[in-house]
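Colleague: Just upload.pdb, nothing more (PDB, C-alpha atoms):
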ATOM      1  CA  MET A   1       0.000   0.000   0.000
ATOM      2  CA  VAL A   2       1.144   3.537  -0.767
ATOM      3  CA  ALA A   3       0.531   6.469   1.559
ATOM      4  CA  ILE A   4       1.305  10.189   1.419
ATOM      5  CA  VAL A   5       1.669  12.096   4.690
ATOM      6  CA  THR A   6       1.930  15.881   4.474
ATOM      7  CA  GLY A   7       4.105  17.443   7.136
ATOM      8  CA  GLY A   8       5.513  13.990   7.775
ATOM      9  CA  ALA A   9       9.019  15.094   8.756
ATOM     10  CA  LYS A  10       8.271  15.969  12.372
ATOM     11  CA  GLY A  11       5.669  15.952  15.114
ATOM     12  CA  MET A  12       2.467  14.011  14.549
ATOM     13  CA  GLY A  13       3.176  13.687  10.841
ATOM     14  CA  TYR A  14       6.465  11.960  11.554
ATOM     15  CA  GLU A  15       4.822   9.561  14.008
ATOM     16  CA  THR A  16       2.119   8.795  11.453
ATOM     17  CA  ALA A  17       4.670   8.163   8.700
ATOM     18  CA  ARG A  18       6.790   6.041  11.026
ATOM     19  CA  HIS A  19       3.860   3.869  12.067
ATOM     20  CA  LEU A  20       2.504   3.366   8.548
ATOM     21  CA  THR A  21       5.991   2.369   7.403
ATOM     22  CA  SER A  22       6.187  -0.154  10.242
ATOM     23  CA  LEU A  23       2.989  -1.706   8.873
ATOM     24  CA  GLY A  24       4.812  -2.421   5.619
ATOM     25  CA  MET A  25       3.509   0.491   3.599
ATOM     26  CA  HIS A  26       5.365   2.602   1.055
ATOM     27  CA  VAL A  27       5.191   6.068   2.632
ATOM     28  CA  VAL A  28       5.921   9.358   0.891
ATOM     29  CA  ILE A  29       6.736  12.124   3.372
ATOM     30  CA  ALA A  30       5.639  15.403   1.781
ATOM     31  CA  GLY A  31       7.165  18.539   3.275
ATOM     32  CA  ASN A  32       8.743  21.901   2.599
ATOM     33  CA  SER A  33      12.136  21.217   4.192
ATOM     34  CA  GLU A  34      14.357  18.784   2.338
ATOM     35  CA  GLU A  35      16.812  18.676   5.238
ATOM     36  CA  GLU A  36      14.141  17.732   7.769
ATOM     37  CA  GLY A  37      12.471  15.342   5.342
ATOM     38  CA  LEU A  38      15.612  13.403   4.520
ATOM     39  CA  ALA A  39      16.552  13.252   8.216
ATOM     40  CA  ALA A  40      13.127  11.778   8.997
ATOM     41  CA  VAL A  41      13.542   9.223   6.210
ATOM     42  CA  ARG A  42      16.939   8.139   7.562
ATOM     43  CA  LYS A  43      15.590   7.803  11.091
ATOM     44  CA  ILE A  44      12.587   5.748  10.030
ATOM     45  CA  ARG A  45      14.728   3.498   7.829
ATOM     46  CA  GLU A  46      17.049   2.826  10.742
ATOM     47  CA  GLU A  47      14.238   1.427  12.874
ATOM     48  CA  ASN A  48      11.927  -0.059  10.225
ATOM     49  CA  SER A  49      12.649  -2.851   7.800
ATOM     50  CA  LYS A  50       9.108  -3.759   6.765
ATOM     51  CA  GLY A  51       8.058  -0.829   4.635
ATOM     52  CA  LYS A  52       9.562   1.800   2.388
ATOM     53  CA  VAL A  53       9.812   5.521   3.080
ATOM     54  CA  GLU A  54      10.940   8.465   0.976
ATOM     55  CA  PHE A  55      10.727  12.253   0.866
ATOM     56  CA  GLN A  56       9.207  14.459  -1.822
ATOM     57  CA  PHE A  57       9.180  18.237  -1.645
ATOM     58  CA  LEU A  58       5.823  19.954  -1.197
ATOM     59  CA  ASP A  59       5.112  23.541  -0.189
ATOM     60  CA  LEU A  60       1.401  23.696   0.578
ATOM     61  CA  SER A  61       1.489  27.494   0.647
ATOM     62  CA  SER A  62       2.202  27.438  -3.093
ATOM     63  CA  LEU A  63      -0.421  26.178  -5.543
ATOM     64  CA  LYS A  64       2.356  25.796  -8.118
ATOM     65  CA  SER A  65       4.267  23.532  -5.739
ATOM     66  CA  VAL A  66       1.137  21.455  -5.067
ATOM     67  CA  ARG A  67       0.641  20.902  -8.777
ATOM     68  CA  GLN A  68       4.315  20.042  -9.271
ATOM     69  CA  PHE A  69       4.175  17.526  -6.414
ATOM     70  CA  VAL A  70       1.133  15.802  -7.884
ATOM     71  CA  ARG A  71       2.626  15.783 -11.377
ATOM     72  CA  MET A  72       5.853  14.174 -10.115
ATOM     73  CA  PHE A  73       3.952  11.605  -8.060
ATOM     74  CA  LYS A  74       1.657  10.656 -10.934
ATOM     75  CA  ASP A  75       4.577  10.376 -13.352
ATOM     76  CA  ARG A  76       5.779   7.421 -11.287
ATOM     77  CA  ARG A  77       2.516   5.524 -11.945
ATOM     78  CA  LEU A  78       2.215   4.534  -8.302
ATOM     79  CA  PRO A  79      -1.145   3.730  -6.728
ATOM     80  CA  LEU A  80      -2.307   5.776  -3.734
ATOM     81  CA  HIS A  81      -4.256   4.112  -0.966
ATOM     82  CA  ILE A  82      -3.922   6.624   1.876
ATOM     83  CA  LEU A  83      -3.609  10.403   1.929
ATOM     84  CA  VAL A  84      -3.041  12.002   5.329
ATOM     85  CA  ASN A  85      -3.542  15.776   5.236
ATOM     86  CA  ASN A  86      -1.560  16.585   8.353
ATOM     87  CA  ALA A  87       0.615  19.651   7.697
ATOM     88  CA  GLY A  88      -0.320  23.011   9.111
ATOM     89  CA  VAL A  89       0.665  26.288  10.713
ATOM     90  CA  MET A  90      -0.879  27.888  13.786
ATOM     91  CA  LEU A  91      -1.144  31.399  15.234
ATOM     92  CA  VAL A  92       1.303  32.945  12.795
ATOM     93  CA  PRO A  93       1.482  36.736  12.382
ATOM     94  CA  GLU A  94      -0.477  38.094   9.434
ATOM     95  CA  ARG A  95       1.163  36.843   6.243
ATOM     96  CA  GLN A  96       0.145  35.925   2.729
ATOM     97  CA  THR A  97       1.098  32.985   0.554
ATOM     98  CA  GLU A  98       2.730  33.567  -2.823
ATOM     99  CA  ASP A  99      -0.769  33.290  -4.323
ATOM    100  CA  GLY A 100      -2.064  36.080  -2.085
ATOM    101  CA  PHE A 101      -4.030  33.965   0.411
ATOM    102  CA  GLU A 102      -3.983  34.467   4.165
ATOM    103  CA  LEU A 103      -1.400  31.931   5.349
ATOM    104  CA  HIS A 104      -3.599  29.781   7.642
ATOM    105  CA  PHE A 105      -6.341  29.547   5.037
ATOM    106  CA  GLY A 106      -3.927  29.095   2.142
ATOM    107  CA  LEU A 107      -1.635  26.469   3.644
ATOM    108  CA  ASN A 108      -3.844  24.593   6.109
ATOM    109  CA  TYR A 109      -6.909  24.494   3.903
ATOM    110  CA  LEU A 110      -6.528  25.516   0.248
ATOM    111  CA  GLY A 111      -3.251  23.650  -0.232
ATOM    112  CA  HIS A 112      -4.840  20.444   1.035
ATOM    113  CA  PHE A 113      -8.058  21.125  -0.893
ATOM    114  CA  LEU A 114      -6.132  21.272  -4.171
ATOM    115  CA  LEU A 115      -3.801  18.406  -3.285
ATOM    116  CA  THR A 116      -6.689  16.094  -2.434
ATOM    117  CA  ASN A 117      -8.667  16.958  -5.541
ATOM    118  CA  LEU A 118      -5.686  16.502  -7.851
ATOM    119  CA  LEU A 119      -4.930  13.092  -6.318
ATOM    120  CA  LEU A 120      -8.527  11.943  -6.207
ATOM    121  CA  ASP A 121      -8.467  10.114  -9.532
ATOM    122  CA  THR A 122      -5.492   8.057  -8.332
ATOM    123  CA  LEU A 123      -7.222   7.335  -5.017
ATOM    124  CA  LYS A 124     -10.346   6.172  -6.857
ATOM    125  CA  GLN A 125      -8.354   3.889  -9.130
ATOM    126  CA  SER A 126      -6.408   2.455  -6.174
ATOM    127  CA  GLY A 127      -9.386   1.717  -3.958
ATOM    128  CA  SER A 128     -11.815  -1.154  -4.305
ATOM    129  CA  HIS A 129     -15.192  -1.756  -2.723
ATOM    130  CA  ASP A 130     -13.721  -4.245  -0.253
ATOM    131  CA  SER A 131     -10.644  -2.085   0.410
ATOM    132  CA  CYS A 132     -11.381   1.612   0.038
ATOM    133  CA  ALA A 133      -8.699   4.227  -0.405
ATOM    134  CA  ARG A 134      -8.701   6.668   2.505
ATOM    135  CA  VAL A 135      -8.321  10.407   2.961
ATOM    136  CA  VAL A 136      -7.570  11.440   6.555
ATOM    137  CA  THR A 137      -7.527  15.139   7.374
ATOM    138  CA  VAL A 138      -6.222  16.538  10.643
ATOM    139  CA  SER A 139      -8.419  19.305  12.020
ATOM    140  CA  SER A 140      -8.576  20.634  15.583
ATOM    141  CA  ALA A 141     -11.025  21.257  18.406
ATOM    142  CA  THR A 142     -10.403  24.911  17.582
ATOM    143  CA  HIS A 143     -12.828  24.454  14.690
ATOM    144  CA  TYR A 144     -15.670  24.533  17.242
ATOM    145  CA  VAL A 145     -15.122  28.290  17.661
ATOM    146  CA  GLY A 146     -14.354  28.843  13.998
ATOM    147  CA  VAL A 147     -16.424  31.239  11.933
ATOM    148  CA  LEU A 148     -16.420  30.967   8.161
ATOM    149  CA  ASN A 149     -16.824  34.391   6.590
ATOM    150  CA  LEU A 150     -17.494  33.698   2.928
ATOM    151  CA  GLU A 151     -17.230  37.414   2.210
ATOM    152  CA  ASP A 152     -13.743  37.621   3.749
ATOM    153  CA  LEU A 153     -12.063  34.218   3.717
ATOM    154  CA  GLN A 154      -8.648  35.923   3.718
ATOM    155  CA  SER A 155      -9.339  37.770   7.011
ATOM    156  CA  ARG A 156      -8.484  41.105   5.413
ATOM    157  CA  SER A 157     -11.080  43.229   7.212
ATOM    158  CA  CYS A 158      -9.814  42.332  10.692
ATOM    159  CA  TYR A 159      -6.948  39.896  11.202
ATOM    160  CA  CYS A 160      -6.816  37.683  14.276
ATOM    161  CA  ALA A 161      -4.354  34.784  14.270
ATOM    162  CA  HIS A 162      -6.575  32.554  16.412
ATOM    163  CA  GLY A 163      -9.647  33.351  14.305
ATOM    164  CA  ALA A 164      -7.783  32.679  11.058
ATOM    165  CA  TYR A 165      -6.482  29.357  12.392
ATOM    166  CA  ALA A 166      -9.935  28.312  13.642
ATOM    167  CA  GLN A 167     -11.492  29.220  10.289
ATOM    168  CA  SER A 168      -8.942  27.101   8.407
ATOM    169  CA  LYS A 169      -9.683  24.099  10.619
ATOM    170  CA  LEU A 170     -13.444  24.544  10.232
ATOM    171  CA  ALA A 171     -12.976  24.754   6.468
ATOM    172  CA  LEU A 172     -11.188  21.386   6.522
ATOM    173  CA  VAL A 173     -14.161  19.762   8.269
ATOM    174  CA  LEU A 174     -16.691  21.304   5.866
ATOM    175  CA  PHE A 175     -14.592  20.262   2.877
ATOM    176  CA  SER A 176     -14.166  16.691   4.116
ATOM    177  CA  TYR A 177     -17.891  16.172   4.677
ATOM    178  CA  HIS A 178     -18.785  17.603   1.278
ATOM    179  CA  LEU A 179     -16.161  15.510  -0.491
ATOM    180  CA  GLN A 180     -17.494  12.354   1.185
ATOM    181  CA  GLN A 181     -20.996  13.205  -0.048
ATOM    182  CA  LYS A 182     -19.708  13.557  -3.607
ATOM    183  CA  LEU A 183     -17.795  10.277  -3.435
ATOM    184  CA  THR A 184     -20.732   8.401  -1.939
ATOM    185  CA  ALA A 185     -23.096   9.782  -4.581
ATOM    186  CA  GLY A 186     -20.703   8.621  -7.293
ATOM    187  CA  GLY A 187     -20.216   5.183  -5.743
ATOM    188  CA  PHE A 188     -16.435   5.619  -5.563
ATOM    189  CA  PRO A 189     -14.304   3.435  -3.244
ATOM    190  CA  VAL A 190     -12.759   6.290  -1.265
ATOM    191  CA  THR A 191     -13.563   7.342   2.296
ATOM    192  CA  VAL A 192     -12.871  10.722   3.874
ATOM    193  CA  ASN A 193     -12.600  11.295   7.615
ATOM    194  CA  VAL A 194     -11.505  14.132   9.882
ATOM    195  CA  VAL A 195      -9.487  13.638  13.058
ATOM    196  CA  ASP A 196      -8.993  15.790  16.133
ATOM    197  CA  PRO A 197      -5.624  14.965  17.747
ATOM    198  CA  GLY A 198      -6.274  16.903  20.941
ATOM    199  CA  MET A 199      -3.703  19.238  22.488
ATOM    200  CA  VAL A 200      -0.335  17.976  21.316
ATOM    201  CA  ASN A 201       3.082  19.275  22.330
ATOM    202  CA  THR A 202       4.516  20.108  18.894
ATOM    203  CA  ASP A 203       6.272  22.980  17.138
ATOM    204  CA  LEU A 204       2.869  24.391  16.165
ATOM    205  CA  TYR A 205       2.935  26.306  19.457
ATOM    206  CA  GLN A 206       6.166  28.103  18.612
ATOM    207  CA  ASN A 207       4.199  31.211  17.617
ATOM    208  CA  LEU A 208       2.700  31.718  21.059
ATOM    209  CA  CYS A 209       3.696  35.024  22.652
ATOM    210  CA  SER A 210       6.575  34.891  25.158
ATOM    211  CA  PRO A 211       4.420  34.901  28.334
ATOM    212  CA  ALA A 212       2.294  32.096  26.940
ATOM    213  CA  GLN A 213       5.436  30.138  26.067
ATOM    214  CA  LEU A 214       6.643  30.478  29.657
ATOM    215  CA  VAL A 215       3.314  29.205  30.957
ATOM    216  CA  LYS A 216       3.176  26.338  28.460
ATOM    217  CA  ARG A 217       6.605  24.861  29.164
ATOM    218  CA  PRO A 218       6.106  23.630  32.743
ATOM    219  CA  VAL A 219       2.581  22.303  32.136
ATOM    220  CA  ALA A 220       3.029  20.826  28.657
ATOM    221  CA  TRP A 221       4.069  17.433  29.961
ATOM    222  CA  LEU A 222       0.977  17.354  32.192
ATOM    223  CA  LEU A 223      -1.705  18.679  29.859
ATOM    224  CA  PHE A 224      -0.412  18.034  26.354
ATOM    225  CA  ARG A 225      -0.197  14.774  24.471
ATOM    226  CA  THR A 226       3.026  13.576  22.928
ATOM    227  CA  PRO A 227       3.214  13.628  19.110
ATOM    228  CA  ALA A 228       2.866   9.827  19.127
ATOM    229  CA  GLU A 229      -0.302  10.064  21.217
ATOM    230  CA  GLY A 230      -1.643  12.845  19.030
ATOM    231  CA  ALA A 231      -1.026  10.810  15.887
ATOM    232  CA  SER A 232      -2.892   7.759  17.176
ATOM    233  CA  THR A 233      -6.310   8.776  15.857
ATOM    234  CA  ALA A 234      -4.962   9.654  12.400
ATOM    235  CA  ILE A 235      -3.224   6.265  12.301
ATOM    236  CA  TYR A 236      -6.470   4.603  13.384
ATOM    237  CA  ALA A 237      -8.414   6.337  10.613
ATOM    238  CA  ALA A 238      -5.743   5.498   8.041
ATOM    239  CA  ALA A 239      -5.074   1.877   8.890
ATOM    240  CA  SER A 240      -7.620   0.290  11.223
ATOM    241  CA  PRO A 241      -9.727  -2.512   9.711
ATOM    242  CA  THR A 242     -12.689  -1.206  11.733
ATOM    243  CA  MET A 243     -12.660   1.948   9.597
ATOM    244  CA  GLU A 244     -12.983   0.029   6.336
ATOM    245  CA  GLY A 245     -15.696   1.616   4.233
ATOM    246  CA  VAL A 246     -16.479   4.200   6.918
ATOM    247  CA  GLY A 247     -16.403   7.851   5.890
ATOM    248  CA  GLY A 248     -17.772  11.243   6.783
ATOM    249  CA  CYS A 249     -16.771  10.957  10.440
ATOM    250  CA  TYR A 250     -15.146  13.292  12.945
ATOM    251  CA  LEU A 251     -12.872  11.196  15.151
ATOM    252  CA  TYR A 252     -11.454  12.015  18.576
ATOM    253  CA  ASN A 253      -9.597   9.546  20.791
ATOM    254  CA  GLY A 254     -10.296   6.824  18.261
ATOM    255  CA  GLN A 255     -14.048   7.335  18.598
ATOM    256  CA  ARG A 256     -16.678   9.050  16.505
ATOM    257  CA  ALA A 257     -17.597  12.454  17.875
ATOM    258  CA  GLN A 258     -19.818  15.373  16.909
ATOM    259  CA  SER A 259     -18.110  18.251  15.163
ATOM    260  CA  SER A 260     -19.508  21.780  15.380
ATOM    261  CA  ILE A 261     -23.148  22.305  14.442
ATOM    262  CA  ILE A 262     -22.225  24.623  11.563
ATOM    263  CA  SER A 263     -19.919  22.004  10.043
ATOM    264  CA  TYR A 264     -22.979  19.933   9.085
ATOM    265  CA  ASP A 265     -24.528  22.812   7.108
ATOM    266  CA  GLU A 266     -24.648  21.362   3.594
ATOM    267  CA  ASP A 267     -25.328  24.738   1.981
ATOM    268  CA  LEU A 268     -22.246  26.187   3.638
ATOM    269  CA  GLN A 269     -20.207  23.157   2.587
ATOM    270  CA  ALA A 270     -21.287  23.625  -1.026
ATOM    271  CA  GLN A 271     -20.638  27.372  -0.991
ATOM    272  CA  LEU A 272     -17.147  26.864   0.425
ATOM    273  CA  TRP A 273     -16.468  24.163  -2.176
ATOM    274  CA  ARG A 274     -17.428  26.471  -5.024
ATOM    275  CA  GLN A 275     -15.368  29.359  -3.713
ATOM    276  CA  SER A 276     -12.393  27.077  -3.099
ATOM    277  CA  CYS A 277     -12.541  25.742  -6.654
ATOM    278  CA  THR A 278     -12.523  29.299  -7.963
ATOM    279  CA  LEU A 279      -9.607  30.323  -5.738
ATOM    280  CA  VAL A 280      -7.385  27.413  -6.829
ATOM    281  CA  SER A 281      -8.629  27.370 -10.448
ATOM    282  CA  PHE A 282     -10.124  23.888 -10.199
ATOM    283  CA  PRO A 283     -13.317  23.026 -12.131
ATOM    284  CA  VAL A 284     -16.273  23.191  -9.751
ATOM    285  CA  GLU A 285     -17.894  19.954 -10.910
ATOM    286  CA  ASP A 286     -14.683  18.050 -11.597
ATOM    287  CA  TYR A 287     -13.615  16.069  -8.566
ATOM    288  CA  GLY A 288     -11.482  13.442 -10.217
ATOM    289  CA  GLU A 289     -13.766  11.356 -12.383
ATOM    290  CA  ASN A 290     -11.156  11.222 -15.147
TER     291      ASN A 290
END
Could you take the file, read its structure, and then write that structure out as structure tokens?
Modeller:
Amino acid sequence: MVAIVTGGAKGMGYETARHLTSLGMHVVIAGNSEEEGLAAVRKIREENSKGKVEFQFLDLSSLKSVRQFVRMFKDRRLPLHILVNNAGVMLVPERQTEDGFELHFGLNYLGHFLLTNLLLDTLKQSGSHDSCARVVTVSSATHYVGVLNLEDLQSRSCYCAHGAYAQSKLALVLFSYHLQQKLTAGGFPVTVNVVDPGMVNTDLYQNLCSPAQLVKRPVAWLLFRTPAEGASTAIYAAASPTMEGVGGCYLYNGQRAQSSIISYDEDLQAQLWRQSCTLVSFPVEDYGEN
């Protein structure tokens, strides 16, 4: 089986890639640091002999890079059974991607939106009705306080790092549910699930202000999960036999949970889908049938 893990060089992504490799899979770590990616590959190879692991460059804040990544992957004619949308940034100062998107929305959400859609034909061809291909997207409990402003998705009217992050994580949930509806309607052997890893002690918190950093350090080991613990639900969604054929779920602690009320709004899901297609120049009704 072949799996792609975005942000797989460190933190939860690394633990996910490491575990899937240990299960005998061929894992592609997709990340924007070649140095970190190759170091992760070496480390995993040293402790795993069952599977295969490699690094391929991907900058999710660049739509051009996303398209190049997909083109290079497809040129190899490999199947794709598992896509783990794990990479992300959190609480960064106001910045824009090279395409002009607010960074949280552009990298966390739009990059994964385009990546998933461009790989969907390969996922469909790789899955079967007794062994579905799987898309696993890492969201956050922060999505519960997220507000999706369709008139200002780039947070230009009033920027708040926490609000922008929460919106990006809510967008991932809305997108995942809508994609599952499309796949189910088409009868395609691909499932899509969202996971909430809980509070995990990773580099995502590096953008906290100095006082918050000082508070976090002594309590992190008490309140925060380790990256391995945080990755457990994504691994469960990606590899557990009990999740075969199961899609459209929000998972926390390896169990189905309720996401925010607004995330189930099908009109909002469809509106976000259409706007996202326009923003990344992807045909609205084309979700990988070819």
Colleague: Thr21 of chain A: which residues within 8 Å, counting all atoms listed in the file, same-chain residues fewer than 5 positions away excluded, as a compact mmCIF listing (two decimals) with C-alpha atoms, in the frame of the given file?
Modeller:
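So the final result, stored in around_15.txt, reads:
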# COMPACT_ATOMS: atom_id res chain seq x y z
CA HIS A 26 5.36 2.60 1.06
CA VAL A 27 5.19 6.07 2.63
CA ILE A 44 12.59 5.75 10.03
CA ASN A 48 11.93 -0.06 10.22
CA LYS A 50 9.11 -3.76 6.76
CA GLY A 51 8.06 -0.83 4.64
CA LYS A 52 9.56 1.80 2.39
CA VAL A 53 9.81 5.52 3.08
Colleague: Just how far from atom CA of Gly8 of chain A is atom CA of Ala87 of chain A, in Å to one decimal?
Modeller: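 Distance between the two atoms: 7.5 Å.
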Colleague: Could you state which residues are captured by the PyMOL selection byres ((chain A and resi 1) around 7) in this file, as a PyMOL selection string?
Modeller: chain A and resi 2-3+25-26+81
Colleague: So the first atom is atom CA of Pro189 of chain A and the second is atom CA of Arg134 of chain A; what is the distance between them in Å, to one decimal place?
Modeller: 8.7 Å
Colleague: Using the file's own x, y and z axes, what box holds all listed atoms of segment 116-121 of chain A with 4 Å on each side, keeping edges along x, y and z, and what are its centre and edge lengths in Å to one decimal, as JSON?
Modeller:
{"center_x": -6.8, "center_y": 13.5, "center_z": -6.0, "size_x": 11.7, "size_y": 14.8, "size_z": 15.1}
Colleague: Pull out every residue that the PyMOL selection byres ((chain A and resi 169-174) around 8) matches in the shown coordinates and put them as a list of chain:residue names.
Modeller: A:Asn108, A:Tyr109, A:Thr137, A:Ser139, A:Ser140, A:Thr142, A:His143, A:Tyr144, A:Gly146, A:Val147, A:Leu148, A:Tyr165, A:Ala166, A:Gln167, A:Ser168, A:Phe175, A:Ser176, A:Tyr177, A:His178, A:Val194, A:Ser263, A:Tyr264, A:Leu268, A:Gln269, A:Leu272
Colleague: What does the structure give for the distance between atom CA of Ser65 of chain A and atom CA of Phe105 of chain A, in Å to one decimal?
Modeller: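 Value for the atom CA of Ser65 of chain A-atom CA of Phe105 of chain A distance: 16.3 Å.
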Colleague: List the residues selected by the PyMOL selection byres ((chain A and resi 188) around 10) in the file shown, writing them as a PDB file with C-alpha atoms, in the frame of the given file.
Modeller:
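Generated output (expr-v5.pdb):
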ATOM      1  CA  ASP A 121      -8.467  10.114  -9.532  1.00  0.00           C
ATOM      2  CA  LEU A 123      -7.222   7.335  -5.017  1.00  0.00           C
ATOM      3  CA  LYS A 124     -10.346   6.172  -6.857  1.00  0.00           C
ATOM      4  CA  GLN A 125      -8.354   3.889  -9.130  1.00  0.00           C
ATOM      5  CA  GLY A 127      -9.386   1.717  -3.958  1.00  0.00           C
ATOM      6  CA  SER A 128     -11.815  -1.154  -4.305  1.00  0.00           C
ATOM      7  CA  HIS A 129     -15.192  -1.756  -2.723  1.00  0.00           C
ATOM      8  CA  CYS A 132     -11.381   1.612   0.038  1.00  0.00           C
ATOM      9  CA  ALA A 133      -8.699   4.227  -0.405  1.00  0.00           C
ATOM     10  CA  GLN A 180     -17.494  12.354   1.185  1.00  0.00           C
ATOM     11  CA  LYS A 182     -19.708  13.557  -3.607  1.00  0.00           C
ATOM     12  CA  LEU A 183     -17.795  10.277  -3.435  1.00  0.00           C
ATOM     13  CA  THR A 184     -20.732   8.401  -1.939  1.00  0.00           C
ATOM     14  CA  ALA A 185     -23.096   9.782  -4.581  1.00  0.00           C
ATOM     15  CA  GLY A 186     -20.703   8.621  -7.293  1.00  0.00           C
ATOM     16  CA  GLY A 187     -20.216   5.183  -5.743  1.00  0.00           C
ATOM     17  CA  PRO A 189     -14.304   3.435  -3.244  1.00  0.00           C
ATOM     18  CA  VAL A 190     -12.759   6.290  -1.265  1.00  0.00           C
ATOM     19  CA  THR A 191     -13.563   7.342   2.296  1.00  0.00           C
ATOM     20  CA  GLU A 289     -13.766  11.356 -12.383  1.00  0.00           C
TER      21      GLU A 289
END
Colleague: Nearest residue to Val145 of chain A out of A:Gly163, A:Phe113, A:Thr226, A:Leu78, using all atoms listed in the file?
Modeller: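 For Val145 of chain A, the nearest of the given residues is A:Gly163.
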Colleague: Between A:Ala238, A:Cys158, A:Leu107, A:Ala17, which has the minimum distance to Ala30 of chain A (counting only C-alpha atoms)?
Modeller: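 Closest residue, counting only C-alpha atoms: A:Ala17.
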Colleague: Please provide as JSON, numbers by chain all residues within 12 Å of Leu110 of chain A, with the sequence filter that same-chain residues fewer than 2 positions apart are discarded (counting all atoms listed in the file).
Modeller: {"A": [59, 60, 61, 62, 63, 66, 85, 87, 88, 97, 99, 100, 101, 102, 103, 104, 105, 106, 107, 108, 112, 113, 114, 115, 116, 117, 153, 154, 167, 168, 169, 171, 172, 175, 272, 273, 275, 276, 277, 278, 279, 280, 281, 282]}
Colleague: Point out the residue among A:Ser33, A:Asn149, A:Thr16, A:Thr6 with the least atom-to-atom distance to Ala228 of chain A, counting all atoms listed in the file.
Modeller: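 Under the stated criterion, the closest residue is A:Thr16.
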Colleague: Taking all atoms listed in the file into account, name the residue in A:Asn193, A:Ser232, A:Ser157, A:Gln68 that is nearest to Gly13 of chain A.
Modeller: A:Ser232
Colleague: How would segment 237-249 of chain A read, as an mmCIF file, in the coordinates of the input, once N, CA, C and O atoms are built in?
Modeller:
data_model
loop_
_atom_site.group_PDB
_atom_site.id
_atom_site.type_symbol
_atom_site.label_atom_id
_atom_site.label_comp_id
_atom_site.auth_asym_id
_atom_site.auth_seq_id
_atom_site.Cartn_x
_atom_site.Cartn_y
_atom_site.Cartn_z
ATOM 1 N N ALA A 237 -7.574 6.053 11.776
ATOM 2 C CA ALA A 237 -8.414 6.337 10.613
ATOM 3 C C ALA A 237 -7.778 5.831 9.321
ATOM 4 O O ALA A 237 -8.479 5.398 8.396
ATOM 5 N N ALA A 238 -6.448 5.882 9.261
ATOM 6 C CA ALA A 238 -5.743 5.498 8.041
ATOM 7 C C ALA A 238 -5.584 3.994 7.880
ATOM 8 O O ALA A 238 -5.559 3.492 6.748
ATOM 9 N N ALA A 239 -5.484 3.279 8.993
ATOM 10 C CA ALA A 239 -5.074 1.877 8.890
ATOM 11 C C ALA A 239 -5.952 0.856 9.596
ATOM 12 O O ALA A 239 -5.813 -0.341 9.343
ATOM 13 N N SER A 240 -6.841 1.267 10.460
ATOM 14 C CA SER A 240 -7.620 0.290 11.223
ATOM 15 C C SER A 240 -8.639 -0.436 10.346
ATOM 16 O O SER A 240 -9.384 0.205 9.598
ATOM 17 N N PRO A 241 -8.711 -1.758 10.462
ATOM 18 C CA PRO A 241 -9.727 -2.512 9.711
ATOM 19 C C PRO A 241 -11.149 -2.091 10.090
ATOM 20 O O PRO A 241 -12.058 -2.205 9.264
ATOM 21 N N THR A 242 -11.344 -1.605 11.311
ATOM 22 C CA THR A 242 -12.689 -1.206 11.733
ATOM 23 C C THR A 242 -13.185 0.039 11.002
ATOM 24 O O THR A 242 -14.380 0.337 11.021
ATOM 25 N N MET A 243 -12.265 0.759 10.353
ATOM 26 C CA MET A 243 -12.660 1.948 9.597
ATOM 27 C C MET A 243 -12.847 1.657 8.108
ATOM 28 O O MET A 243 -13.062 2.568 7.322
ATOM 29 N N GLU A 244 -12.794 0.381 7.735
ATOM 30 C CA GLU A 244 -12.983 0.029 6.336
ATOM 31 C C GLU A 244 -14.385 0.423 5.868
ATOM 32 O O GLU A 244 -15.386 0.044 6.472
ATOM 33 N N GLY A 245 -14.424 1.205 4.804
ATOM 34 C CA GLY A 245 -15.696 1.616 4.233
ATOM 35 C C GLY A 245 -16.439 2.688 5.009
ATOM 36 O O GLY A 245 -17.557 3.052 4.644
ATOM 37 N N VAL A 246 -15.825 3.207 6.059
ATOM 38 C CA VAL A 246 -16.479 4.200 6.918
ATOM 39 C C VAL A 246 -15.945 5.586 6.583
ATOM 40 O O VAL A 246 -14.739 5.828 6.642
ATOM 41 N N GLY A 247 -16.833 6.498 6.238
ATOM 42 C CA GLY A 247 -16.403 7.851 5.890
ATOM 43 C C GLY A 247 -17.348 8.897 6.443
ATOM 44 O O GLY A 247 -18.419 8.599 6.971
ATOM 45 N N GLY A 248 -16.943 10.145 6.324
ATOM 46 C CA GLY A 248 -17.772 11.243 6.783
ATOM 47 C C GLY A 248 -17.822 11.387 8.286
ATOM 48 O O GLY A 248 -18.781 11.954 8.828
ATOM 49 N N CYS A 249 -16.777 10.922 8.971
ATOM 50 C CA CYS A 249 -16.771 10.957 10.440
ATOM 51 C C CYS A 249 -15.772 11.982 10.978
ATOM 52 O O CYS A 249 -14.762 12.281 10.339
#
